[in-house]
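K.L.:
For reference, the file target00.pdb (PDB, C-alpha atoms and all ligand atoms) is included below:
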```
ATOM      1  CA  MET A  24     -31.769 -49.204  -8.756  1.00  0.00           C
ATOM      2  CA  ALA A  25     -28.887 -47.729  -6.697  1.00  0.00           C
ATOM      3  CA  LYS A  26     -25.689 -47.344  -8.724  1.00  0.00           C
ATOM      4  CA  LYS A  27     -23.040 -49.978  -8.070  1.00  0.00           C
ATOM      5  CA  SER A  28     -19.757 -48.517  -6.909  1.00  0.00           C
ATOM      6  CA  LEU A  29     -16.165 -49.225  -7.903  1.00  0.00           C
ATOM      7  CA  LYS A  30     -12.830 -48.903  -6.117  1.00  0.00           C
ATOM      8  CA  LYS A  31     -11.568 -46.846  -9.053  1.00  0.00           C
ATOM      9  CA  GLY A  32     -12.617 -45.760 -12.522  1.00  0.00           C
ATOM     10  CA  ILE A  33     -12.250 -48.478 -15.162  1.00  0.00           C
ATOM     11  CA  PHE A  34     -11.069 -47.771 -18.678  1.00  0.00           C
ATOM     12  CA  ILE A  35     -11.956 -50.309 -21.382  1.00  0.00           C
ATOM     13  CA  THR A  36     -10.979 -49.914 -25.040  1.00  0.00           C
ATOM     14  CA  PHE A  37     -12.115 -51.792 -28.125  1.00  0.00           C
ATOM     15  CA  GLU A  38      -9.726 -52.245 -31.035  1.00  0.00           C
ATOM     16  CA  GLY A  39      -9.399 -54.215 -34.231  1.00  0.00           C
ATOM     17  CA  PRO A  40      -9.039 -54.073 -38.001  1.00  0.00           C
ATOM     18  CA  GLU A  41     -11.717 -52.482 -40.207  1.00  0.00           C
ATOM     19  CA  GLY A  42     -15.104 -54.196 -40.099  1.00  0.00           C
ATOM     20  CA  CYS A  43     -14.325 -56.153 -36.906  1.00  0.00           C
ATOM     21  CA  GLY A  44     -17.524 -54.952 -35.199  1.00  0.00           C
ATOM     22  CA  LYS A  45     -15.918 -52.981 -32.364  1.00  0.00           C
ATOM     23  CA  SER A  46     -18.501 -50.188 -32.525  1.00  0.00           C
ATOM     24  CA  THR A  47     -21.343 -52.699 -32.113  1.00  0.00           C
ATOM     25  CA  HIS A  48     -19.576 -54.612 -29.337  1.00  0.00           C
ATOM     26  CA  SER A  49     -18.403 -51.540 -27.415  1.00  0.00           C
ATOM     27  CA  LYS A  50     -22.014 -50.282 -27.385  1.00  0.00           C
ATOM     28  CA  LEU A  51     -23.345 -53.690 -26.316  1.00  0.00           C
ATOM     29  CA  ALA A  52     -20.775 -53.772 -23.495  1.00  0.00           C
ATOM     30  CA  ALA A  53     -21.841 -50.287 -22.351  1.00  0.00           C
ATOM     31  CA  GLU A  54     -25.501 -51.379 -22.374  1.00  0.00           C
ATOM     32  CA  LEU A  55     -24.715 -54.543 -20.428  1.00  0.00           C
ATOM     33  CA  LEU A  56     -22.797 -52.675 -17.719  1.00  0.00           C
ATOM     34  CA  ARG A  57     -25.493 -50.016 -17.409  1.00  0.00           C
ATOM     35  CA  LYS A  58     -28.064 -52.790 -16.924  1.00  0.00           C
ATOM     36  CA  GLU A  59     -25.777 -54.231 -14.220  1.00  0.00           C
ATOM     37  CA  GLY A  60     -26.070 -50.876 -12.436  1.00  0.00           C
ATOM     38  CA  PHE A  61     -22.782 -49.157 -13.311  1.00  0.00           C
ATOM     39  CA  ASP A  62     -22.220 -45.599 -14.449  1.00  0.00           C
ATOM     40  CA  VAL A  63     -20.835 -45.899 -17.985  1.00  0.00           C
ATOM     41  CA  VAL A  64     -19.509 -43.355 -20.462  1.00  0.00           C
ATOM     42  CA  HIS A  65     -19.195 -44.562 -24.058  1.00  0.00           C
ATOM     43  CA  THR A  66     -17.018 -42.635 -26.471  1.00  0.00           C
ATOM     44  CA  ARG A  67     -14.989 -43.070 -29.620  1.00  0.00           C
ATOM     45  CA  GLU A  68     -11.770 -42.062 -31.299  1.00  0.00           C
ATOM     46  CA  PRO A  69     -11.267 -40.023 -33.329  1.00  0.00           C
ATOM     47  CA  GLY A  70     -14.408 -38.078 -32.433  1.00  0.00           C
ATOM     48  CA  GLY A  71     -16.017 -38.047 -29.018  1.00  0.00           C
ATOM     49  CA  THR A  72     -15.595 -34.259 -28.607  1.00  0.00           C
ATOM     50  CA  GLY A  73     -16.479 -31.280 -30.808  1.00  0.00           C
ATOM     51  CA  VAL A  74     -12.849 -30.771 -31.822  1.00  0.00           C
ATOM     52  CA  GLY A  75     -12.364 -34.532 -32.210  1.00  0.00           C
ATOM     53  CA  LYS A  76     -15.265 -34.735 -34.679  1.00  0.00           C
ATOM     54  CA  ARG A  77     -13.693 -32.016 -36.832  1.00  0.00           C
ATOM     55  CA  ILE A  78     -10.317 -33.764 -36.722  1.00  0.00           C
ATOM     56  CA  ARG A  79     -12.081 -37.017 -37.676  1.00  0.00           C
ATOM     57  CA  ASP A  80     -13.540 -35.275 -40.747  1.00  0.00           C
ATOM     58  CA  ILE A  81     -10.063 -34.165 -41.846  1.00  0.00           C
ATOM     59  CA  LEU A  82      -8.554 -37.599 -41.305  1.00  0.00           C
ATOM     60  CA  LEU A  83     -11.233 -39.640 -43.019  1.00  0.00           C
ATOM     61  CA  ASN A  84     -12.044 -37.285 -45.897  1.00  0.00           C
ATOM     62  CA  PHE A  85     -10.910 -38.358 -49.365  1.00  0.00           C
ATOM     63  CA  LYS A  86      -9.969 -34.775 -50.234  1.00  0.00           C
ATOM     64  CA  ASN A  87      -7.001 -35.149 -47.888  1.00  0.00           C
ATOM     65  CA  ILE A  88      -5.578 -38.167 -49.674  1.00  0.00           C
ATOM     66  CA  THR A  89      -1.943 -37.038 -49.275  1.00  0.00           C
ATOM     67  CA  ILE A  90      -1.771 -36.663 -45.477  1.00  0.00           C
ATOM     68  CA  SER A  91       1.484 -38.313 -44.313  1.00  0.00           C
ATOM     69  CA  PRO A  92       1.494 -40.886 -41.496  1.00  0.00           C
ATOM     70  CA  LEU A  93       3.333 -38.364 -39.284  1.00  0.00           C
ATOM     71  CA  THR A  94       0.623 -35.723 -39.808  1.00  0.00           C
ATOM     72  CA  GLU A  95      -2.023 -38.380 -39.182  1.00  0.00           C
ATOM     73  CA  LEU A  96      -0.248 -39.268 -35.956  1.00  0.00           C
ATOM     74  CA  LEU A  97      -0.201 -35.661 -34.739  1.00  0.00           C
ATOM     75  CA  LEU A  98      -3.878 -35.162 -35.573  1.00  0.00           C
ATOM     76  CA  PHE A  99      -4.926 -38.384 -33.848  1.00  0.00           C
ATOM     77  CA  GLU A 100      -2.898 -37.370 -30.790  1.00  0.00           C
ATOM     78  CA  ALA A 101      -4.504 -33.919 -30.754  1.00  0.00           C
ATOM     79  CA  SER A 102      -7.958 -35.477 -30.888  1.00  0.00           C
ATOM     80  CA  ARG A 103      -6.956 -37.898 -28.110  1.00  0.00           C
ATOM     81  CA  ALA A 104      -5.552 -35.166 -25.844  1.00  0.00           C
ATOM     82  CA  GLU A 105      -8.887 -33.368 -26.110  1.00  0.00           C
ATOM     83  CA  LEU A 106     -10.898 -36.533 -25.415  1.00  0.00           C
ATOM     84  CA  ILE A 107      -8.795 -37.323 -22.352  1.00  0.00           C
ATOM     85  CA  ARG A 108      -9.157 -33.810 -20.939  1.00  0.00           C
ATOM     86  CA  GLU A 109     -12.863 -33.401 -21.688  1.00  0.00           C
ATOM     87  CA  ILE A 110     -14.294 -36.885 -21.171  1.00  0.00           C
ATOM     88  CA  ILE A 111     -11.973 -39.654 -20.016  1.00  0.00           C
ATOM     89  CA  LYS A 112     -10.145 -38.120 -17.044  1.00  0.00           C
ATOM     90  CA  PRO A 113     -13.228 -36.479 -15.458  1.00  0.00           C
ATOM     91  CA  ALA A 114     -15.232 -39.728 -15.759  1.00  0.00           C
ATOM     92  CA  LEU A 115     -12.443 -41.892 -14.320  1.00  0.00           C
ATOM     93  CA  ALA A 116     -11.997 -39.420 -11.461  1.00  0.00           C
ATOM     94  CA  LYS A 117     -15.684 -40.003 -10.624  1.00  0.00           C
ATOM     95  CA  LYS A 118     -15.022 -43.780 -10.623  1.00  0.00           C
ATOM     96  CA  LYS A 119     -17.143 -44.393 -13.699  1.00  0.00           C
ATOM     97  CA  ILE A 120     -16.514 -46.963 -16.403  1.00  0.00           C
ATOM     98  CA  VAL A 121     -15.244 -45.428 -19.644  1.00  0.00           C
ATOM     99  CA  ILE A 122     -15.564 -47.463 -22.830  1.00  0.00           C
ATOM    100  CA  SER A 123     -13.794 -46.146 -25.890  1.00  0.00           C
ATOM    101  CA  ASP A 124     -14.181 -47.377 -29.451  1.00  0.00           C
ATOM    102  CA  ARG A 125     -10.401 -47.228 -30.267  1.00  0.00           C
ATOM    103  CA  PHE A 126      -7.577 -45.545 -28.336  1.00  0.00           C
ATOM    104  CA  ASN A 127      -3.790 -45.399 -28.550  1.00  0.00           C
ATOM    105  CA  ASP A 128      -3.168 -48.977 -29.766  1.00  0.00           C
ATOM    106  CA  ALA A 129      -4.771 -47.837 -33.032  1.00  0.00           C
ATOM    107  CA  THR A 130      -2.034 -45.230 -33.471  1.00  0.00           C
ATOM    108  CA  LEU A 131       0.765 -47.703 -32.783  1.00  0.00           C
ATOM    109  CA  VAL A 132      -0.758 -50.048 -35.322  1.00  0.00           C
ATOM    110  CA  TYR A 133      -2.092 -47.763 -38.103  1.00  0.00           C
ATOM    111  CA  GLN A 134       0.589 -45.047 -38.081  1.00  0.00           C
ATOM    112  CA  GLY A 135       3.368 -47.270 -36.669  1.00  0.00           C
ATOM    113  CA  TYR A 136       3.284 -50.908 -37.778  1.00  0.00           C
ATOM    114  CA  ALA A 137       1.364 -50.133 -40.997  1.00  0.00           C
ATOM    115  CA  GLY A 138       2.278 -46.477 -41.654  1.00  0.00           C
ATOM    116  CA  GLY A 139       5.970 -46.761 -40.912  1.00  0.00           C
ATOM    117  CA  VAL A 140       6.365 -44.157 -38.148  1.00  0.00           C
ATOM    118  CA  ARG A 141       8.841 -45.523 -35.576  1.00  0.00           C
ATOM    119  CA  LEU A 142       7.083 -46.911 -32.484  1.00  0.00           C
ATOM    120  CA  GLN A 143       9.568 -45.108 -30.234  1.00  0.00           C
ATOM    121  CA  GLU A 144       8.609 -41.781 -31.844  1.00  0.00           C
ATOM    122  CA  ILE A 145       4.918 -42.496 -31.294  1.00  0.00           C
ATOM    123  CA  LYS A 146       5.506 -43.415 -27.661  1.00  0.00           C
ATOM    124  CA  ARG A 147       7.492 -40.201 -27.149  1.00  0.00           C
ATOM    125  CA  ILE A 148       4.599 -38.071 -28.425  1.00  0.00           C
ATOM    126  CA  GLU A 149       2.098 -40.164 -26.461  1.00  0.00           C
ATOM    127  CA  SER A 150       3.944 -39.498 -23.233  1.00  0.00           C
ATOM    128  CA  VAL A 151       2.804 -35.892 -23.687  1.00  0.00           C
ATOM    129  CA  SER A 152      -0.665 -36.359 -25.239  1.00  0.00           C
ATOM    130  CA  ILE A 153      -1.802 -39.289 -23.071  1.00  0.00           C
ATOM    131  CA  GLY A 154       0.352 -39.014 -19.973  1.00  0.00           C
ATOM    132  CA  LYS A 155      -0.494 -41.774 -17.520  1.00  0.00           C
ATOM    133  CA  VAL A 156      -3.966 -42.713 -18.819  1.00  0.00           C
ATOM    134  CA  LYS A 157      -3.920 -46.425 -19.655  1.00  0.00           C
ATOM    135  CA  PRO A 158      -6.692 -48.903 -20.437  1.00  0.00           C
ATOM    136  CA  ASP A 159      -7.394 -51.560 -17.784  1.00  0.00           C
ATOM    137  CA  LEU A 160      -8.692 -53.845 -20.521  1.00  0.00           C
ATOM    138  CA  THR A 161      -8.436 -53.780 -24.294  1.00  0.00           C
ATOM    139  CA  VAL A 162     -10.748 -56.048 -26.252  1.00  0.00           C
ATOM    140  CA  LEU A 163      -9.093 -56.810 -29.576  1.00  0.00           C
ATOM    141  CA  LEU A 164     -11.646 -58.129 -32.051  1.00  0.00           C
ATOM    142  CA  ASP A 165      -9.665 -60.072 -34.571  1.00  0.00           C
ATOM    143  CA  ILE A 166     -10.835 -60.535 -38.149  1.00  0.00           C
ATOM    144  CA  LYS A 167      -9.038 -61.183 -41.430  1.00  0.00           C
ATOM    145  CA  PRO A 168      -8.843 -57.869 -43.321  1.00  0.00           C
ATOM    146  CA  GLU A 169     -10.446 -59.347 -46.437  1.00  0.00           C
ATOM    147  CA  ALA A 170     -13.505 -60.402 -44.424  1.00  0.00           C
ATOM    148  CA  GLY A 171     -13.708 -57.109 -42.506  1.00  0.00           C
ATOM    149  CA  LEU A 172     -13.479 -54.912 -45.589  1.00  0.00           C
ATOM    150  CA  LYS A 173     -16.062 -57.042 -47.385  1.00  0.00           C
ATOM    151  CA  LYS A 174     -18.549 -56.169 -44.646  1.00  0.00           C
ATOM    152  CA  ILE A 175     -18.032 -52.441 -45.255  1.00  0.00           C
ATOM    153  CA  GLY A 176     -18.491 -52.690 -49.019  1.00  0.00           C
ATOM    154  CA  ILE A 177     -16.452 -50.904 -51.650  1.00  0.00           C
ATOM    155  CA  PHE A 178     -18.560 -47.740 -52.060  1.00  0.00           C
ATOM    156  CA  LEU A 179     -18.854 -46.824 -48.398  1.00  0.00           C
ATOM    157  CA  ARG A 180     -15.144 -46.861 -47.542  1.00  0.00           C
ATOM    158  CA  ASP A 181     -13.470 -43.786 -46.039  1.00  0.00           C
ATOM    159  CA  ARG A 182      -9.871 -42.598 -46.600  1.00  0.00           C
ATOM    160  CA  MET A 183      -8.341 -45.057 -44.120  1.00  0.00           C
ATOM    161  CA  GLU A 184     -10.524 -48.002 -45.128  1.00  0.00           C
ATOM    162  CA  SER A 185      -9.599 -47.436 -48.794  1.00  0.00           C
ATOM    163  CA  LYS A 186      -5.891 -48.057 -48.228  1.00  0.00           C
ATOM    164  CA  HIS A 187      -4.336 -51.061 -49.974  1.00  0.00           C
ATOM    165  CA  ILE A 188      -5.057 -54.552 -48.593  1.00  0.00           C
ATOM    166  CA  ALA A 189      -1.324 -54.874 -47.742  1.00  0.00           C
ATOM    167  CA  PHE A 190      -1.776 -51.947 -45.324  1.00  0.00           C
ATOM    168  CA  HIS A 191      -4.720 -53.645 -43.623  1.00  0.00           C
ATOM    169  CA  LYS A 192      -2.771 -56.905 -43.316  1.00  0.00           C
ATOM    170  CA  LYS A 193      -0.031 -54.993 -41.494  1.00  0.00           C
ATOM    171  CA  VAL A 194      -2.713 -53.494 -39.238  1.00  0.00           C
ATOM    172  CA  ARG A 195      -3.912 -56.948 -38.216  1.00  0.00           C
ATOM    173  CA  LYS A 196      -0.374 -58.240 -37.688  1.00  0.00           C
ATOM    174  CA  GLY A 197       0.445 -55.147 -35.634  1.00  0.00           C
ATOM    175  CA  TYR A 198      -2.551 -55.642 -33.355  1.00  0.00           C
ATOM    176  CA  LEU A 199      -1.701 -59.315 -32.802  1.00  0.00           C
ATOM    177  CA  ASP A 200       1.903 -58.401 -32.051  1.00  0.00           C
ATOM    178  CA  LEU A 201       0.818 -55.788 -29.507  1.00  0.00           C
ATOM    179  CA  ALA A 202      -1.479 -58.386 -27.921  1.00  0.00           C
ATOM    180  CA  ARG A 203       1.434 -60.828 -27.563  1.00  0.00           C
ATOM    181  CA  ARG A 204       3.452 -58.118 -25.814  1.00  0.00           C
ATOM    182  CA  ASN A 205       0.584 -57.071 -23.490  1.00  0.00           C
ATOM    183  CA  ARG A 206      -1.124 -60.341 -22.612  1.00  0.00           C
ATOM    184  CA  ARG A 207      -2.567 -59.118 -19.327  1.00  0.00           C
ATOM    185  CA  ARG A 208      -4.263 -56.069 -20.817  1.00  0.00           C
ATOM    186  CA  ILE A 209      -5.141 -57.034 -24.396  1.00  0.00           C
ATOM    187  CA  LYS A 210      -7.573 -59.924 -24.839  1.00  0.00           C
ATOM    188  CA  VAL A 211      -7.884 -61.241 -28.376  1.00  0.00           C
ATOM    189  CA  ILE A 212     -11.367 -62.355 -29.392  1.00  0.00           C
ATOM    190  CA  ARG A 213     -11.782 -63.979 -32.779  1.00  0.00           C
ATOM    191  CA  THR A 214     -14.995 -62.746 -34.357  1.00  0.00           C
ATOM    192  CA  LYS A 215     -17.613 -65.452 -34.883  1.00  0.00           C
ATOM    193  CA  ASP A 216     -20.432 -65.774 -37.428  1.00  0.00           C
ATOM    194  CA  THR A 217     -22.969 -63.948 -35.286  1.00  0.00           C
ATOM    195  CA  VAL A 218     -22.823 -60.893 -33.033  1.00  0.00           C
ATOM    196  CA  ASP A 219     -24.299 -62.948 -30.172  1.00  0.00           C
ATOM    197  CA  ALA A 220     -21.605 -65.606 -30.393  1.00  0.00           C
ATOM    198  CA  THR A 221     -18.808 -63.012 -30.398  1.00  0.00           C
ATOM    199  CA  PHE A 222     -20.432 -61.007 -27.616  1.00  0.00           C
ATOM    200  CA  LYS A 223     -20.433 -64.045 -25.335  1.00  0.00           C
ATOM    201  CA  ASP A 224     -16.617 -63.877 -25.285  1.00  0.00           C
ATOM    202  CA  VAL A 225     -16.588 -60.067 -25.033  1.00  0.00           C
ATOM    203  CA  LYS A 226     -18.971 -60.195 -22.070  1.00  0.00           C
ATOM    204  CA  LYS A 227     -16.705 -62.624 -20.195  1.00  0.00           C
ATOM    205  CA  GLU A 228     -13.671 -60.318 -20.461  1.00  0.00           C
ATOM    206  CA  VAL A 229     -15.615 -57.172 -19.621  1.00  0.00           C
ATOM    207  CA  LEU A 230     -17.258 -58.687 -16.529  1.00  0.00           C
ATOM    208  CA  ASN A 231     -13.882 -60.074 -15.404  1.00  0.00           C
ATOM    209  CA  VAL A 232     -12.238 -56.671 -15.283  1.00  0.00           C
ATOM    210  CA  VAL A 233     -15.240 -55.035 -13.606  1.00  0.00           C
ATOM    211  CA  ARG A 234     -15.298 -57.764 -10.945  1.00  0.00           C
ATOM    212  CA  ARG A 235     -11.678 -56.939 -10.125  1.00  0.00           C
ATOM    213  CA  TYR A 236     -12.565 -53.382  -9.097  1.00  0.00           C
ATOM    214  CA  LYS A 237     -16.104 -53.789  -7.782  1.00  0.00           C
ATOM    215  CA  ARG A 238     -16.873 -52.852  -4.194  1.00  0.00           C
ATOM    216  CA  PRO A 239     -18.643 -55.637  -2.309  1.00  0.00           C
ATOM    217  CA  GLY A 240     -22.434 -55.291  -2.038  1.00  0.00           C
TER     218      GLY A 240
HETATM  219  P1  LIG B   1     -13.308 -46.222 -37.045  1.00  0.00           P
HETATM  220  O1  LIG B   1     -12.825 -46.342 -35.658  1.00  0.00           O
HETATM  221  O2  LIG B   1     -14.651 -45.660 -37.138  1.00  0.00           O
HETATM  222  O3  LIG B   1     -13.057 -47.458 -37.811  1.00  0.00           O
HETATM  223  O4  LIG B   1     -12.467 -45.070 -37.827  1.00  0.00           O
HETATM  224  C1  LIG B   1     -11.301 -44.571 -37.453  1.00  0.00           C
HETATM  225  C2  LIG B   1     -10.256 -44.791 -38.521  1.00  0.00           C
HETATM  226  O5  LIG B   1      -9.080 -44.113 -38.123  1.00  0.00           O
HETATM  227  C3  LIG B   1      -9.883 -46.241 -38.712  1.00  0.00           C
HETATM  228  O6  LIG B   1      -9.537 -46.459 -40.063  1.00  0.00           O
HETATM  229  C4  LIG B   1      -8.643 -46.379 -37.871  1.00  0.00           C
HETATM  230  C5  LIG B   1      -8.013 -45.030 -37.968  1.00  0.00           C
HETATM  231  N1  LIG B   1      -7.207 -44.644 -36.813  1.00  0.00           N
HETATM  232  C6  LIG B   1      -5.845 -44.445 -36.976  1.00  0.00           C
HETATM  233  O7  LIG B   1      -5.335 -44.599 -38.074  1.00  0.00           O
HETATM  234  N2  LIG B   1      -5.116 -44.054 -35.884  1.00  0.00           N
HETATM  235  C7  LIG B   1      -5.673 -43.826 -34.654  1.00  0.00           C
HETATM  236  O8  LIG B   1      -4.974 -43.470 -33.705  1.00  0.00           O
HETATM  237  C8  LIG B   1      -7.109 -44.031 -34.512  1.00  0.00           C
HETATM  238  C9  LIG B   1      -7.755 -43.806 -33.189  1.00  0.00           C
HETATM  239  C10 LIG B   1      -7.820 -44.434 -35.603  1.00  0.00           C
END
```
Step by step, read the file and then write its structure as structure tokens.
Ligand code: TMP
P.N.:
Amino acid sequence: MAKKSLKKGIFITFEGPEGCGKSTHSKLAAELLRKEGFDVVHTREPGGTGVGKRIRDILLNFKNITISPLTELLLFEASRAELIREIIKPALAKKKIVISDRFNDATLVYQGYAGGVRLQEIKRIESVSIGKVKPDLTVLLDIKPEAGLKKIGIFLRDRMESKHIAFHKKVRKGYLDLARRNRRRIKVIRTKDTVDATFKDVKKEVLNVVRRYKRPG
């Protein structure tokens, strides 16, 4: 099948509290769009590049229990700068669809709303690390932190997942606040009992944004 073409590259991010299912849904969305004939790059943050994977190990490893939110912020931004340079910008320049499992909203929420770093400070650093790259659509999968963490189980949690429940409640509140401030870009989808039921809503939002930039034919 000939590839379908777009007027511009489309950048879609998936966000949400721990255990919300964004990895599953971002992969399902990538699969769906590939089946529809689009060129899709799926990536994740932190990770997605060689350097990003090493930064991810530092950030999620229990040995580094004392990392401050500011250091976390700088490491996440370093990983992001690399991902943008290596993967995101080149793919968008070729008018592909890029789907990322987390992006900068996670920093505003985890290091800002929940970690206590001032949002203005984060935005100042982001103006350098991200520049003008901005998602066209952000799918926010909303789940109560208690329910999300239960899915992960107590023994499999990493350094971030193991933070106190109060931290994770601030994460959820932060995401919902960001969504209220960015209604056009961030679409909140409440997770349902089954993946299929949730994906029905995800699919609608994803196809909507792609339709906006699709070339006729
Ligand atoms: P996950 O995306 O596989 O859940 O793991 C990434 C973890 O890192 C998750 O706990 C969220 C956290 N995180 C931040 O704290 N700040 C960020 O900027 C990003 C991208 C992730």
K.L.:
So which residues are near ligand LIG 1 (chain B), meaning at most 6 Å away with all atoms listed in the file counted, given back as a PDB file with C-alpha atoms, in the coordinates of the input?
P.N.:
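Below is the file pocket34.pdb, written as the result:
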```
ATOM      1  CA  GLU A  41     -11.717 -52.482 -40.207  1.00  0.00           C
ATOM      2  CA  GLU A  68     -11.770 -42.062 -31.299  1.00  0.00           C
ATOM      3  CA  PRO A  69     -11.267 -40.023 -33.329  1.00  0.00           C
ATOM      4  CA  PHE A  99      -4.926 -38.384 -33.848  1.00  0.00           C
ATOM      5  CA  ARG A 125     -10.401 -47.228 -30.267  1.00  0.00           C
ATOM      6  CA  PHE A 126      -7.577 -45.545 -28.336  1.00  0.00           C
ATOM      7  CA  ASN A 127      -3.790 -45.399 -28.550  1.00  0.00           C
ATOM      8  CA  ALA A 129      -4.771 -47.837 -33.032  1.00  0.00           C
ATOM      9  CA  THR A 130      -2.034 -45.230 -33.471  1.00  0.00           C
ATOM     10  CA  TYR A 133      -2.092 -47.763 -38.103  1.00  0.00           C
ATOM     11  CA  GLN A 134       0.589 -45.047 -38.081  1.00  0.00           C
ATOM     12  CA  MET A 183      -8.341 -45.057 -44.120  1.00  0.00           C
ATOM     13  CA  GLU A 184     -10.524 -48.002 -45.128  1.00  0.00           C
TER      14      GLU A 184
END
```
K.L.:
Can you build me a table of region 41-144 of chain A residues sitting at most 9 Å from region 220-227 of chain A, with the closest atom pair per residue and its distance in Å to one decimal, using all atoms listed in the file, sorted by chain and residue number, as JSON lines?
P.N.:
```
{"residue": "A:His48", "atom": "CA", "partner": "A:Phe222", "partner_atom": "CA", "distance": 6.7}
{"residue": "A:Leu51", "atom": "CA", "partner": "A:Phe222", "partner_atom": "CA", "distance": 8.0}
{"residue": "A:Ala52", "atom": "CA", "partner": "A:Lys226", "partner_atom": "CA", "distance": 6.8}
{"residue": "A:Leu55", "atom": "CA", "partner": "A:Lys226", "partner_atom": "CA", "distance": 8.2}
```
K.L.:
Can you work out the spacing between CA of Ser152 (chain A) and CA of Ala104 (chain A) in Å, to one decimal?
P.N.:
5.1 Å
K.L.:
Tell me, as a ChimeraX atom specification, which residues lie within 12 Å of Lys186 (chain A), counting only C-alpha atoms; anything in the same chain fewer than 6 positions away does not count.
P.N.:
/A:41,83,85,88-89,133,137-138,168,172,177,180,192-194
K.L.:
How many Å separate CA of Pro113 (chain A) from CA of Gly70 (chain A)?
P.N.:
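Atom-to-atom, CA of Pro113 (chain A) and CA of Gly70 (chain A) are spaced 17.1 Å apart.
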K.L.:
Tell me which residues the PyMOL selection byres (((chain A and resi 36) around 8) and not hetatm) grabs here, as a ChimeraX atom specification.
P.N.:
/A:34-35,37-38,49,122-126,158,160-162
K.L.:
I would like the residues chosen by the PyMOL selection byres (((chain A and resi 91-93) around 8) and not hetatm) on the shown file; could you give them as a VMD selection string?
P.N.:
chain A and resid 89 to 90 94 to 97 134 138 to 140
K.L.:
Could you list, as a ChimeraX atom specification, every residue within 9 Å of Leu56 (chain A), counting all atoms listed in the file and ignoring same-chain residues fewer than 6 positions away?
P.N.:
/A:62-63,120,229-230,233
K.L.:
Keeping C-alpha atoms, export the residues of the selection given above as a compact mmCIF listing (two decimals), keeping the file's coordinate frame.
P.N.:
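Writing done, so here's again06.txt:
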```txt
# COMPACT_ATOMS: atom_id res chain seq x y z
CA ASP A 62 -22.22 -45.60 -14.45
CA VAL A 63 -20.84 -45.90 -17.98
CA ILE A 120 -16.51 -46.96 -16.40
CA VAL A 229 -15.62 -57.17 -19.62
CA LEU A 230 -17.26 -58.69 -16.53
CA VAL A 233 -15.24 -55.04 -13.61
```
K.L.:
Give me, as a Markdown table, each residue of region 50-154 of chain A that comes within 9 Å of region 198-210 of chain A, together with its shortest interatomic pair and the distance in Å at one decimal, counting all atoms listed in the file, with rows ordered by chain and rising residue number.
P.N.:
```
| residue | atom | partner | partner_atom | distance |
| --- | --- | --- | --- | --- |
| A:Asp128 | CA | A:Tyr198 | CA | 7.6 |
| A:Ala129 | CA | A:Tyr198 | CA | 8.1 |
| A:Leu131 | CA | A:Tyr198 | CA | 8.6 |
| A:Val132 | CA | A:Tyr198 | CA | 6.2 |
| A:Tyr136 | CA | A:Tyr198 | CA | 8.7 |
```
K.L.:
Starting from the PyMOL selection byres (((chain A and resi 114) around 12) and not hetatm), expand the selection into actual residues of this file and give them as a PyMOL selection string.
P.N.:
chain A and resi 31-34+62-66+106-113+115-122
K.L.:
Residues at most 9 Å from Glu149 (chain A), counting only C-alpha atoms, excluding those fewer than 5 positions away in the same chain, as a PyMOL selection string?
P.N.:
chain A and resi 100+127+144+154
K.L.:
Figure out the distance between CA of Lys157 (chain A) and CA of Ala25 (chain A), please, to one decimal in Å.
P.N.:
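Here the two named atoms are 28.2 Å from each other.
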K.L.:
Point out the residue among A:Val156, A:Leu29, A:Cys43, A:Val211 with the least atom-to-atom distance to Ala170 (chain A), counting all atoms listed in the file.
P.N.:
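Smallest separation from Ala170 (chain A) among the options: A:Cys43.
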K.L.:
Using only C-alpha atoms, which of the listed residues (A:Gly135, A:Pro40, A:Asp216, A:Lys30) sits closest to Lys167 (chain A)?
P.N.:
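Between A:Gly135, A:Pro40, A:Asp216, A:Lys30, the residue approaching Lys167 (chain A) most closely is A:Pro40.
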K.L.:
What box, with edges along x, y and z, holds each listed atom of region 71-90 of chain A when 5 Å is added on every side, and can you state its centre and edge lengths in Å to one decimal, as JSON?
P.N.:
```
{"center_x": -9.1, "center_y": -35.2, "center_z": -39.4, "size_x": 24.7, "size_y": 18.9, "size_z": 31.6}
```
K.L.:
Using all atoms listed in the file, which residues sit within 7 Å of Ile212 (chain A) once same-chain residues fewer than 3 positions away are excluded, as a PDB file with C-alpha atoms, in the frame of the given file?
P.N.:
```pdb
ATOM      1  CA  LEU A 163      -9.093 -56.810 -29.576  1.00  0.00           C
ATOM      2  CA  LEU A 164     -11.646 -58.129 -32.051  1.00  0.00           C
ATOM      3  CA  ASP A 165      -9.665 -60.072 -34.571  1.00  0.00           C
ATOM      4  CA  ASP A 224     -16.617 -63.877 -25.285  1.00  0.00           C
TER       5      ASP A 224
END
```
K.L.:
Skip Pro239 (chain A) itself and residues of its chain fewer than 2 positions away, then list as an NGL selection string all residues within 10 Å of it, counting only C-alpha atoms.
P.N.:
:A and (27-30 or 234 or 236-237)
K.L.:
Given only C-alpha atoms as the basis, pick out the residue of A:Ser46, A:Glu54, A:Val232, A:Glu169 nearest to Ala189 (chain A).
P.N.:
A:Glu169
